[in-house]
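S.K.: Next comes run06.tsv, TSV, C-alpha atoms:
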```
chain	number	residue	atom	x	y	z
T	1	MET	CA	-81.01	3.25	129.00
T	2	ALA	CA	-81.94	6.74	129.91
T	3	ARG	CA	-81.01	7.95	133.35
T	4	ARG	CA	-83.68	9.40	135.59
T	5	TYR	CA	-83.39	12.34	137.92
T	6	SER	CA	-85.53	14.24	140.37
T	7	LEU	CA	-85.81	17.97	141.01
T	8	VAL	CA	-87.44	19.23	144.19
T	9	ALA	CA	-87.83	22.92	144.91
T	10	SER	CA	-89.90	25.04	147.24
T	11	VAL	CA	-90.60	28.49	145.83
T	12	THR	CA	-93.08	31.30	146.48
T	13	ASN	CA	-95.28	31.25	143.40
T	14	THR	CA	-95.12	34.97	142.61
T	15	ALA	CA	-97.02	35.69	139.40
T	16	SER	CA	-94.95	36.00	136.22
T	17	VAL	CA	-91.93	34.39	137.84
T	18	THR	CA	-90.32	31.19	136.61
T	19	GLN	CA	-90.36	28.65	139.39
T	20	VAL	CA	-88.05	25.93	138.04
T	21	VAL	CA	-85.93	25.59	134.92
T	22	LEU	CA	-84.44	22.47	133.37
T	23	THR	CA	-81.63	23.34	130.98
T	24	SER	CA	-80.35	21.04	128.28
T	25	THR	CA	-76.95	20.67	126.62
T	26	ALA	CA	-75.91	19.68	123.11
T	27	ALA	CA	-75.36	16.10	124.31
T	28	ILE	CA	-78.76	15.20	125.78
T	29	ARG	CA	-82.50	15.66	125.38
T	30	PRO	CA	-84.03	15.87	128.87
T	31	GLN	CA	-87.61	14.65	129.05
T	32	ILE	CA	-90.01	15.57	131.85
T	33	TYR	CA	-92.38	12.72	132.60
T	34	ASP	CA	-93.80	13.56	136.02
T	35	LEU	CA	-94.71	16.83	137.71
T	36	LEU	CA	-96.14	17.40	141.18
T	37	ILE	CA	-97.29	20.74	142.54
T	38	GLY	CA	-98.44	21.14	146.15
T	39	SER	CA	-98.25	23.51	149.07
T	40	ALA	CA	-97.49	22.93	152.72
T	41	ALA	CA	-98.57	26.46	153.66
T	42	ALA	CA	-101.57	27.06	155.95
T	43	PRO	CA	-104.69	26.17	153.96
T	44	ALA	CA	-106.25	29.14	152.16
T	45	ASP	CA	-108.19	29.79	148.99
T	46	ASN	CA	-105.35	30.87	146.76
T	47	ALA	CA	-104.99	29.59	143.24
T	48	ALA	CA	-102.45	29.73	140.48
T	49	ASN	CA	-101.94	28.82	136.88
T	50	TYR	CA	-98.67	27.14	135.99
T	51	GLN	CA	-97.28	26.71	132.51
T	52	ILE	CA	-94.42	24.75	131.04
T	53	LYS	CA	-92.78	26.65	128.22
T	54	ARG	CA	-89.71	26.37	126.04
T	55	PHE	CA	-86.82	28.75	126.41
T	56	THR	CA	-83.69	29.44	124.39
T	57	ALA	CA	-81.69	31.05	127.23
T	58	ALA	CA	-82.06	30.00	130.85
T	59	GLY	CA	-82.01	33.38	132.61
T	60	THR	CA	-80.71	33.65	136.18
T	61	THR	CA	-81.89	31.23	138.84
T	62	THR	CA	-80.74	29.73	142.11
T	63	SER	CA	-78.99	26.51	141.25
T	64	LEU	CA	-80.69	23.21	142.00
T	65	THR	CA	-78.86	19.90	141.71
T	66	PRO	CA	-80.79	17.08	140.03
T	67	GLN	CA	-80.78	13.96	142.17
T	68	ALA	CA	-80.29	10.59	140.49
T	69	ILE	CA	-83.25	8.31	141.08
T	70	ASP	CA	-80.87	5.37	140.78
T	71	ASN	CA	-77.88	6.23	142.93
T	72	ALA	CA	-75.65	4.10	140.69
T	73	ASP	CA	-76.09	6.74	137.99
T	74	PRO	CA	-73.62	9.59	137.55
T	75	ALA	CA	-74.42	13.24	138.12
T	76	ALA	CA	-76.93	14.71	135.71
T	77	THR	CA	-75.77	16.42	132.53
T	78	ALA	CA	-78.75	18.77	132.47
T	79	THR	CA	-78.69	21.66	134.89
T	80	SER	CA	-81.51	23.16	136.88
T	81	GLY	CA	-82.44	26.19	138.92
T	82	TYR	CA	-85.38	27.76	140.70
T	83	ASN	CA	-86.91	31.15	141.49
T	84	ALA	CA	-85.70	33.15	138.49
T	85	SER	CA	-84.40	36.63	139.15
T	86	VAL	CA	-83.89	37.10	135.40
T	87	GLU	CA	-86.54	35.35	133.37
T	88	PRO	CA	-85.50	32.83	130.72
T	89	THR	CA	-85.92	33.84	127.07
T	90	TYR	CA	-89.21	32.13	126.33
T	91	THR	CA	-90.69	31.34	122.97
T	92	ALA	CA	-93.89	33.38	122.71
T	93	ASN	CA	-97.29	31.71	122.61
T	94	ALA	CA	-95.91	28.20	122.82
T	95	LEU	CA	-97.27	26.40	125.87
T	96	LEU	CA	-96.57	22.74	126.44
T	97	LEU	CA	-98.64	22.39	129.58
T	98	SER	CA	-101.00	24.58	131.60
T	99	ILE	CA	-102.24	23.55	135.04
T	100	SER	CA	-104.55	25.63	137.22
T	101	CYS	CA	-105.02	24.54	140.78
T	102	ASN	CA	-106.12	25.73	144.18
T	103	GLN	CA	-103.55	25.86	146.94
T	104	ARG	CA	-105.61	23.31	148.85
T	105	THR	CA	-105.04	20.66	146.22
T	106	THR	CA	-102.03	18.79	145.00
T	107	ALA	CA	-101.79	18.67	141.22
T	108	ARG	CA	-99.99	15.90	139.41
T	109	TRP	CA	-99.25	15.54	135.72
T	110	LEU	CA	-97.87	12.24	134.55
T	111	ALA	CA	-96.90	11.77	130.92
T	112	ARG	CA	-98.28	8.80	129.11
T	113	ASP	CA	-95.74	6.91	127.04
T	114	ARG	CA	-94.10	9.03	124.35
T	115	SER	CA	-95.84	12.19	125.63
T	116	GLU	CA	-92.91	13.34	127.73
T	117	LEU	CA	-92.03	17.02	127.41
T	118	ILE	CA	-88.71	16.96	125.59
T	119	ALA	CA	-86.12	19.72	125.57
T	120	PRO	CA	-83.91	19.95	122.47
T	121	ALA	CA	-80.27	18.90	122.39
T	122	THR	CA	-79.15	22.50	122.26
T	123	ALA	CA	-77.08	24.26	124.90
T	124	ALA	CA	-78.99	26.71	127.11
T	125	ASN	CA	-82.34	25.60	125.71
T	126	GLY	CA	-84.82	23.95	127.99
T	127	LEU	CA	-88.15	23.92	129.75
T	128	GLY	CA	-89.39	26.34	132.37
T	129	LEU	CA	-92.17	25.92	134.91
T	130	PHE	CA	-93.70	29.37	135.02
T	131	SER	CA	-96.22	30.80	137.49
T	132	ALA	CA	-98.46	32.62	135.03
T	133	THR	CA	-101.29	33.83	137.23
T	134	VAL	CA	-101.92	33.95	140.95
T	135	GLY	CA	-105.37	34.44	142.43
T	136	GLY	CA	-105.39	35.60	146.03
T	137	SER	CA	-101.90	35.59	147.52
T	138	ALA	CA	-98.65	34.04	146.42
T	139	VAL	CA	-97.69	31.16	148.70
T	140	ALA	CA	-94.82	28.73	149.04
T	141	GLN	CA	-95.28	25.82	146.67
T	142	THR	CA	-93.28	22.65	146.44
T	143	TYR	CA	-92.52	21.25	143.01
T	144	THR	CA	-91.24	17.81	142.19
T	145	ILE	CA	-90.16	17.20	138.62
T	146	LEU	CA	-88.97	13.81	137.43
T	147	TYR	CA	-87.12	13.68	134.16
T	148	GLU	CA	-84.82	11.47	132.18
T	149	GLU	CA	-81.91	12.30	129.95
U	1	MET	CA	-90.84	51.59	136.90
U	2	ALA	CA	-94.22	52.47	135.43
U	3	ARG	CA	-97.30	51.22	137.21
U	4	PRO	CA	-98.85	48.18	135.57
U	5	ILE	CA	-101.77	48.59	133.19
U	6	LEU	CA	-104.82	46.70	134.40
U	7	VAL	CA	-107.64	46.00	131.97
U	8	ASP	CA	-110.95	44.62	133.16
U	9	PRO	CA	-112.40	42.50	130.32
U	10	ALA	CA	-115.80	42.90	131.99
U	11	ASP	CA	-115.76	46.47	130.64
U	12	GLY	CA	-115.40	45.22	127.06
U	13	PRO	CA	-112.68	43.75	124.85
U	14	CYS	CA	-109.12	44.81	125.65
U	15	GLU	CA	-108.06	47.55	123.21
U	16	ILE	CA	-104.38	46.62	123.50
U	17	CYS	CA	-104.96	42.98	122.60
U	18	ALA	CA	-107.34	44.09	119.81
U	19	ALA	CA	-104.55	46.24	118.34
U	20	TRP	CA	-102.15	43.28	118.39
U	21	GLU	CA	-104.75	41.12	116.66
U	22	ALA	CA	-105.30	43.85	114.06
U	23	SER	CA	-101.55	43.98	113.41
U	24	LEU	CA	-101.48	40.21	112.95
U	25	THR	CA	-104.48	40.30	110.62
U	26	ALA	CA	-102.99	43.13	108.57
U	27	MET	CA	-99.71	41.24	108.17
U	28	ARG	CA	-101.50	38.08	107.07
U	29	GLN	CA	-103.57	40.06	104.58
U	30	LYS	CA	-100.41	41.64	103.22
U	31	LEU	CA	-98.20	38.53	103.08
U	32	GLY	CA	-100.77	35.75	102.87
U	33	PRO	CA	-101.71	33.16	105.47
U	34	ARG	CA	-98.35	31.41	105.24
U	35	VAL	CA	-94.86	32.63	104.46
U	36	ASP	CA	-92.40	29.84	103.75
U	37	GLY	CA	-94.75	27.32	105.29
U	38	ARG	CA	-95.46	29.14	108.53
U	39	PRO	CA	-97.98	31.77	109.58
U	40	PRO	CA	-96.31	35.20	109.52
U	41	ARG	CA	-95.85	36.69	112.98
U	42	PRO	CA	-95.34	40.41	113.49
U	43	CYS	CA	-93.36	41.92	116.36
U	44	ALA	CA	-95.81	43.56	118.78
U	45	ARG	CA	-93.59	46.63	119.06
U	46	CYS	CA	-92.07	47.35	115.65
U	47	GLY	CA	-94.49	45.38	113.48
U	48	GLU	CA	-91.67	43.71	111.54
U	49	LEU	CA	-91.86	40.07	110.55
U	50	VAL	CA	-90.22	37.86	113.19
U	51	GLY	CA	-87.39	35.64	111.90
U	52	VAL	CA	-87.17	31.88	112.30
U	53	TYR	CA	-84.88	30.72	115.10
U	54	GLU	CA	-83.69	27.29	116.11
U	55	ASN	CA	-86.21	25.39	118.27
U	56	MET	CA	-88.72	28.25	118.10
U	57	PHE	CA	-90.83	27.05	115.18
U	58	GLY	CA	-91.25	30.52	113.71
U	59	ALA	CA	-92.62	32.10	116.90
U	60	GLY	CA	-91.19	35.29	118.36
U	61	PHE	CA	-89.65	36.02	121.75
U	62	ARG	CA	-91.92	36.50	124.72
U	63	SER	CA	-91.35	39.86	126.41
U	64	PRO	CA	-89.47	39.49	129.71
U	65	ARG	CA	-92.24	41.25	131.63
U	66	PRO	CA	-96.02	41.34	131.06
U	67	HIS	CA	-97.08	44.31	128.94
U	68	HIS	CA	-100.42	44.61	130.75
U	69	PHE	CA	-102.76	42.57	132.90
U	70	HIS	CA	-106.32	41.38	132.55
U	71	LEU	CA	-108.40	41.12	135.69
U	72	GLY	CA	-110.07	37.77	136.00
U	73	ALA	CA	-110.31	34.52	137.85
U	74	VAL	CA	-107.55	31.97	137.62
U	75	GLU	CA	-108.84	29.59	134.99
U	76	GLY	CA	-110.95	26.81	136.44
U	77	THR	CA	-110.51	27.82	140.07
U	78	GLY	CA	-112.82	30.83	140.46
U	79	VAL	CA	-110.24	32.67	142.57
U	80	PRO	CA	-109.89	36.27	141.32
U	81	GLY	CA	-106.49	37.31	140.07
U	82	ARG	CA	-104.78	39.08	137.21
U	83	VAL	CA	-103.47	37.50	134.06
U	84	GLY	CA	-100.24	38.86	132.61
U	85	MET	CA	-100.35	39.52	128.87
U	86	PHE	CA	-96.96	39.27	127.20
U	87	GLU	CA	-95.83	40.69	123.89
U	88	GLU	CA	-94.37	38.61	121.07
U	89	LEU	CA	-91.22	40.39	119.96
U	90	CYS	CA	-88.51	40.24	117.33
U	91	TRP	CA	-84.97	39.77	118.65
U	92	ASP	CA	-84.06	43.48	118.42
U	93	CYS	CA	-87.12	44.55	120.40
U	94	TYR	CA	-86.58	41.67	122.84
U	95	THR	CA	-83.07	42.88	123.66
U	96	LYS	CA	-84.42	46.40	124.27
U	97	ALA	CA	-87.21	45.02	126.48
U	98	PHE	CA	-84.67	42.87	128.32
U	99	ALA	CA	-82.45	45.89	129.01
U	100	GLU	CA	-85.47	47.80	130.34
U	101	ALA	CA	-86.52	44.90	132.57
U	102	TYR	CA	-83.05	43.93	133.79
U	103	PRO	CA	-80.70	46.91	133.44
U	104	ASN	CA	-77.90	45.16	135.33
U	105	ALA	CA	-78.11	41.79	133.60
U	106	THR	CA	-76.33	40.74	130.45
U	107	CYS	CA	-78.66	40.07	127.58
U	108	PRO	CA	-78.45	36.44	126.44
U	109	ASP	CA	-77.05	35.51	123.06
U	110	ALA	CA	-79.52	35.25	120.24
U	111	PRO	CA	-80.49	31.70	119.35
U	112	ARG	CA	-79.26	30.44	116.01
U	113	GLN	CA	-81.26	32.04	113.24
U	114	MET	CA	-82.55	29.53	110.71
U	115	MET	CA	-84.09	32.01	108.32
U	116	ALA	CA	-83.98	35.79	108.14
U	117	ALA	CA	-87.13	37.77	108.71
U	118	THR	CA	-86.95	38.90	105.12
U	119	GLN	CA	-87.26	35.24	104.09
U	120	LYS	CA	-85.54	33.67	101.14
U	121	PRO	CA	-85.45	35.63	97.88
U	122	LEU	CA	-88.64	35.41	95.91
U	123	PRO	CA	-88.38	33.74	92.53
U	124	ALA	CA	-87.77	36.37	89.91
U	125	PRO	CA	-90.65	36.90	87.53
U	126	ASP	CA	-89.94	36.18	83.90
U	127	GLY	CA	-88.08	38.90	82.08
U	128	GLN	CA	-86.09	40.07	85.08
U	129	LEU	CA	-82.42	39.68	85.80
U	130	LEU	CA	-81.03	38.54	89.12
U	131	ILE	CA	-77.74	40.08	90.20
U	132	ASN	CA	-76.50	39.02	93.63
U	133	GLY	CA	-79.99	37.75	94.35
U	134	ALA	CA	-81.61	41.13	93.70
U	135	VAL	CA	-84.02	41.62	90.85
U	136	GLN	CA	-82.79	44.02	88.21
U	137	GLU	CA	-84.90	45.36	85.39
U	138	ARG	CA	-83.96	43.60	82.18
U	139	THR	CA	-82.99	45.98	79.47
U	140	THR	CA	-81.63	45.59	76.03
U	141	GLU	CA	-78.46	47.22	77.19
U	142	ARG	CA	-75.58	45.13	78.41
U	143	PRO	CA	-75.08	45.18	82.22
U	144	ARG	CA	-72.90	48.03	83.31
U	145	ALA	CA	-69.60	47.24	85.01
U	146	GLU	CA	-70.78	48.73	88.33
U	147	ASP	CA	-73.84	46.44	88.27
U	148	LEU	CA	-71.57	43.47	88.08
U	149	ALA	CA	-69.14	44.61	90.76
U	150	GLY	CA	-68.66	41.80	93.24
U	151	VAL	CA	-70.40	39.26	91.04
U	152	THR	CA	-68.48	36.05	90.69
U	153	LEU	CA	-69.24	34.32	87.45
U	154	ALA	CA	-69.43	30.57	87.66
U	155	ALA	CA	-66.80	28.68	85.76
U	156	PRO	CA	-68.13	26.34	83.09
U	157	ASP	CA	-67.16	23.35	85.22
U	158	GLU	CA	-69.32	24.64	88.07
U	159	LEU	CA	-72.26	25.06	85.76
U	160	HIS	CA	-72.10	21.69	84.12
U	161	GLY	CA	-70.19	19.59	86.58
U	162	SER	CA	-66.55	18.79	86.43
U	163	PRO	CA	-65.54	15.83	84.36
U	164	THR	CA	-62.50	15.45	86.61
U	165	ALA	CA	-64.69	15.13	89.67
U	166	ASN	CA	-67.22	12.85	88.11
U	167	ASP	CA	-68.60	10.49	90.69
U	168	GLY	CA	-71.02	8.92	88.28
U	169	SER	CA	-73.99	10.83	89.65
U	170	TRP	CA	-74.52	12.95	86.57
```
Please express what this file holds, its structure, as structure tokens.
M.R.:
Amino acid sequence: MARRYSLVASVTNTASVTQVVLTSTAAIRPQIYDLLIGSAAAPADNAANYQIKRFTAAGTTTSLTPQAIDNADPAATATSGYNASVEPTYTANALLLSISCNQRTTARWLARDRSELIAPATAANGLGLFSATVGGSAVAQTYTILYEE
Amino acid sequence: MARPILVDPADGPCEICAAWEASLTAMRQKLGPRVDGRPPRPCARCGELVGVYENMFGAGFRSPRPHHFHLGAVEGTGVPGRVGMFEELCWDCYTKAFAEAYPNATCPDAPRQMMAATQKPLPAPDGQLLINGAVQERTTERPRAEDLAGVTLAAPDELHGSPTANDGSW
């Protein structure tokens, strides 16, 4: 049975910056099935558009350790990071998901069965949560991504 | 670093995006709507056909930084912002754009290329001779020695199968 992991990161959603990456290996195919986006910052009318895109190289990010949802499971094989200082190498014009939301709301995307976003079993390939557009000011956002591998 | 280019679509269609679309249209008119089963995609900088890379489904590489921005509201929220417009690049132009964007970072390795941008060799029309995959004009003269340099002629066994390696499949 697939093992499930959680990623939680708090990042300022600067436009055109990748917020979270999930990087695969040749041995697994990580699948995102739940995504939560919310902000604990002081309420204000800021908005942003987030996209999930495929990449073929993960760029440079601050490392983030996936947490096993079942603590009997071993450490995750996939790796993760947040707040990219060097953007991943994205495939152009290939969006898997696009969510626009106001800072005052919490957005949740939950995959229906067999609609999980799947990264290929190829080293350094993966999925990136990208802050495409920010209206108003960039604010700290908290992301929770649940995936299985 | 150069200041960003801001285009207000309220003033009319973006000329930069229109030029990209024109390049795409011109390539599709030249090569047809599909090349080897996929729509041809030109590099936004050099105009060359983008190759096919593993897990990229024939698409090119997104530029590391937005080329320009469109002013507009964040979709569905009504909050004004600016939308980054990225270029679709071939690998060579991507590496140059990466070096411009991140001069101190090491450019990642290219993903595995599944098919060259030049695509597989076209079938030779009747009456033409293929040497090393390249079409040569057929003449009544015998091929010159220099034309055949480097050409390995198949042994008869390779052409018709080897009786000694017969597995019953032929």
S.K.: Leaving out T:Gly136 and any residue of its chain fewer than 5 positions from it, which residues lie within 12 Å of it when counting only C-alpha atoms, given as a ChimeraX atom specification?
M.R.: /T:13-15,44-49,102-103 /U:72-74,77-82
S.K.: Pick out the residues sitting within 9 Å of stretch 25-32 of chain T, and hand them over as a VMD selection string; count only C-alpha atoms, and ignore anything fewer than 2 positions along from it in its own chain.
M.R.: chain T and resid 22 to 23 34 to 35 77 to 79 110 to 111 116 to 127 145 to 149
S.K.: So how far away is atom CA of T:Tyr5 from atom CA of T:Arg112, in Å?
M.R.: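 So the two atoms, atom CA of T:Arg112 and atom CA of T:Tyr5, lie 17.7 Å apart.
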S.K.: Which residues of chain U have any atom within 10 Å of an atom in chain T when counting all atoms listed in the file, and what is the closest pair of atoms for each, with the distance in Å to one decimal? Order the rows by chain and rising number and write it as a Markdown table.
M.R.:
```
| residue | atom | partner | partner_atom | distance |
| --- | --- | --- | --- | --- |
| U:Tyr53 | CA | T:Thr56 | CA | 9.5 |
| U:Glu54 | CA | T:Thr56 | CA | 8.6 |
| U:Asn55 | CA | T:Pro120 | CA | 7.2 |
| U:Met56 | CA | T:Thr91 | CA | 6.1 |
| U:Phe57 | CA | T:Thr91 | CA | 8.9 |
| U:Gly58 | CA | T:Thr91 | CA | 9.3 |
| U:Ala59 | CA | T:Ala92 | CA | 6.1 |
| U:Gly60 | CA | T:Ala92 | CA | 5.5 |
| U:Phe61 | CA | T:Thr91 | CA | 4.9 |
| U:Arg62 | CA | T:Ala92 | CA | 4.2 |
| U:Ser63 | CA | T:Ala92 | CA | 7.9 |
| U:Pro64 | CA | T:Glu87 | CA | 6.3 |
| U:Arg65 | CA | T:Ser16 | CA | 7.5 |
| U:Pro66 | CA | T:Ser16 | CA | 7.5 |
| U:Phe69 | CA | T:Thr133 | CA | 9.9 |
| U:Leu71 | CA | T:Gly135 | CA | 10.0 |
| U:Gly72 | CA | T:Gly135 | CA | 8.6 |
| U:Ala73 | CA | T:Gly135 | CA | 6.7 |
| U:Val74 | CA | T:Gly135 | CA | 5.8 |
| U:Glu75 | CA | T:Ser100 | CA | 6.2 |
| U:Gly76 | CA | T:Ser100 | CA | 6.6 |
| U:Thr77 | CA | T:Asn102 | CA | 6.4 |
| U:Gly78 | CA | T:Ala47 | CA | 8.4 |
| U:Val79 | CA | T:Gly135 | CA | 5.2 |
| U:Pro80 | CA | T:Gly135 | CA | 5.0 |
| U:Gly81 | CA | T:Gly135 | CA | 3.9 |
| U:Arg82 | CA | T:Thr133 | CA | 6.3 |
| U:Val83 | CA | T:Thr133 | CA | 5.3 |
| U:Gly84 | CA | T:Thr133 | CA | 6.9 |
| U:Met85 | CA | T:Ala132 | CA | 9.4 |
| U:Phe86 | CA | T:Ala92 | CA | 8.0 |
| U:Glu87 | CA | T:Ala92 | CA | 7.7 |
| U:Glu88 | CA | T:Ala92 | CA | 5.5 |
| U:Leu89 | CA | T:Ala92 | CA | 8.0 |
| U:Tyr94 | CA | T:Thr89 | CA | 8.9 |
| U:Phe98 | CA | T:Val86 | CA | 9.2 |
| U:Ala101 | CA | T:Val86 | CA | 8.7 |
| U:Tyr102 | CA | T:Val86 | CA | 7.1 |
| U:Ala105 | CA | T:Val86 | CA | 7.7 |
| U:Thr106 | CA | T:Gly59 | CA | 9.5 |
| U:Cys107 | CA | T:Gly59 | CA | 9.0 |
| U:Pro108 | CA | T:Ala57 | CA | 6.3 |
| U:Asp109 | CA | T:Ala57 | CA | 7.7 |
| U:Ala110 | CA | T:Thr56 | CA | 8.3 |
| U:Pro111 | CA | T:Thr56 | CA | 6.4 |
| U:Arg112 | CA | T:Thr56 | CA | 9.5 |
```
S.K.: Atom CA of T:Ala72 and atom CA of T:Ser6 are how many Å apart?
M.R.: 14.2 Å
S.K.: With all atoms of stretch 67-79 of chain T from the file as input, state the centre and edge lengths in Å to one decimal of the axis-aligned box that has 8 Å extra on each side, as lines of an AutoDock Vina configuration file.
M.R.:
```
center_x = -78.4
center_y = 12.9
center_z = 137.7
size_x = 25.6
size_y = 33.6
size_z = 26.5
```
S.K.: Just give me the gap between atom CA of T:Ala40 and atom CA of T:Leu7 in Å, one decimal is fine.
M.R.: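 Those two atoms sit 17.3 Å apart.
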S.K.: Which polymer residues have any atom within 12 Å of an atom of U:Arg3, counting all atoms listed in the file, with same-chain residues fewer than 2 positions away left out, as a compact mmCIF listing (two decimals) with C-alpha atoms, keeping the file's coordinate frame?
M.R.:
```txt
# COMPACT_ATOMS: atom_id res chain seq x y z
CA MET U 1 -90.84 51.59 136.90
CA ILE U 5 -101.77 48.59 133.19
CA LEU U 6 -104.82 46.70 134.40
CA PRO U 66 -96.02 41.34 131.06
CA HIS U 67 -97.08 44.31 128.94
CA HIS U 68 -100.42 44.61 130.75
CA PHE U 69 -102.76 42.57 132.90
```
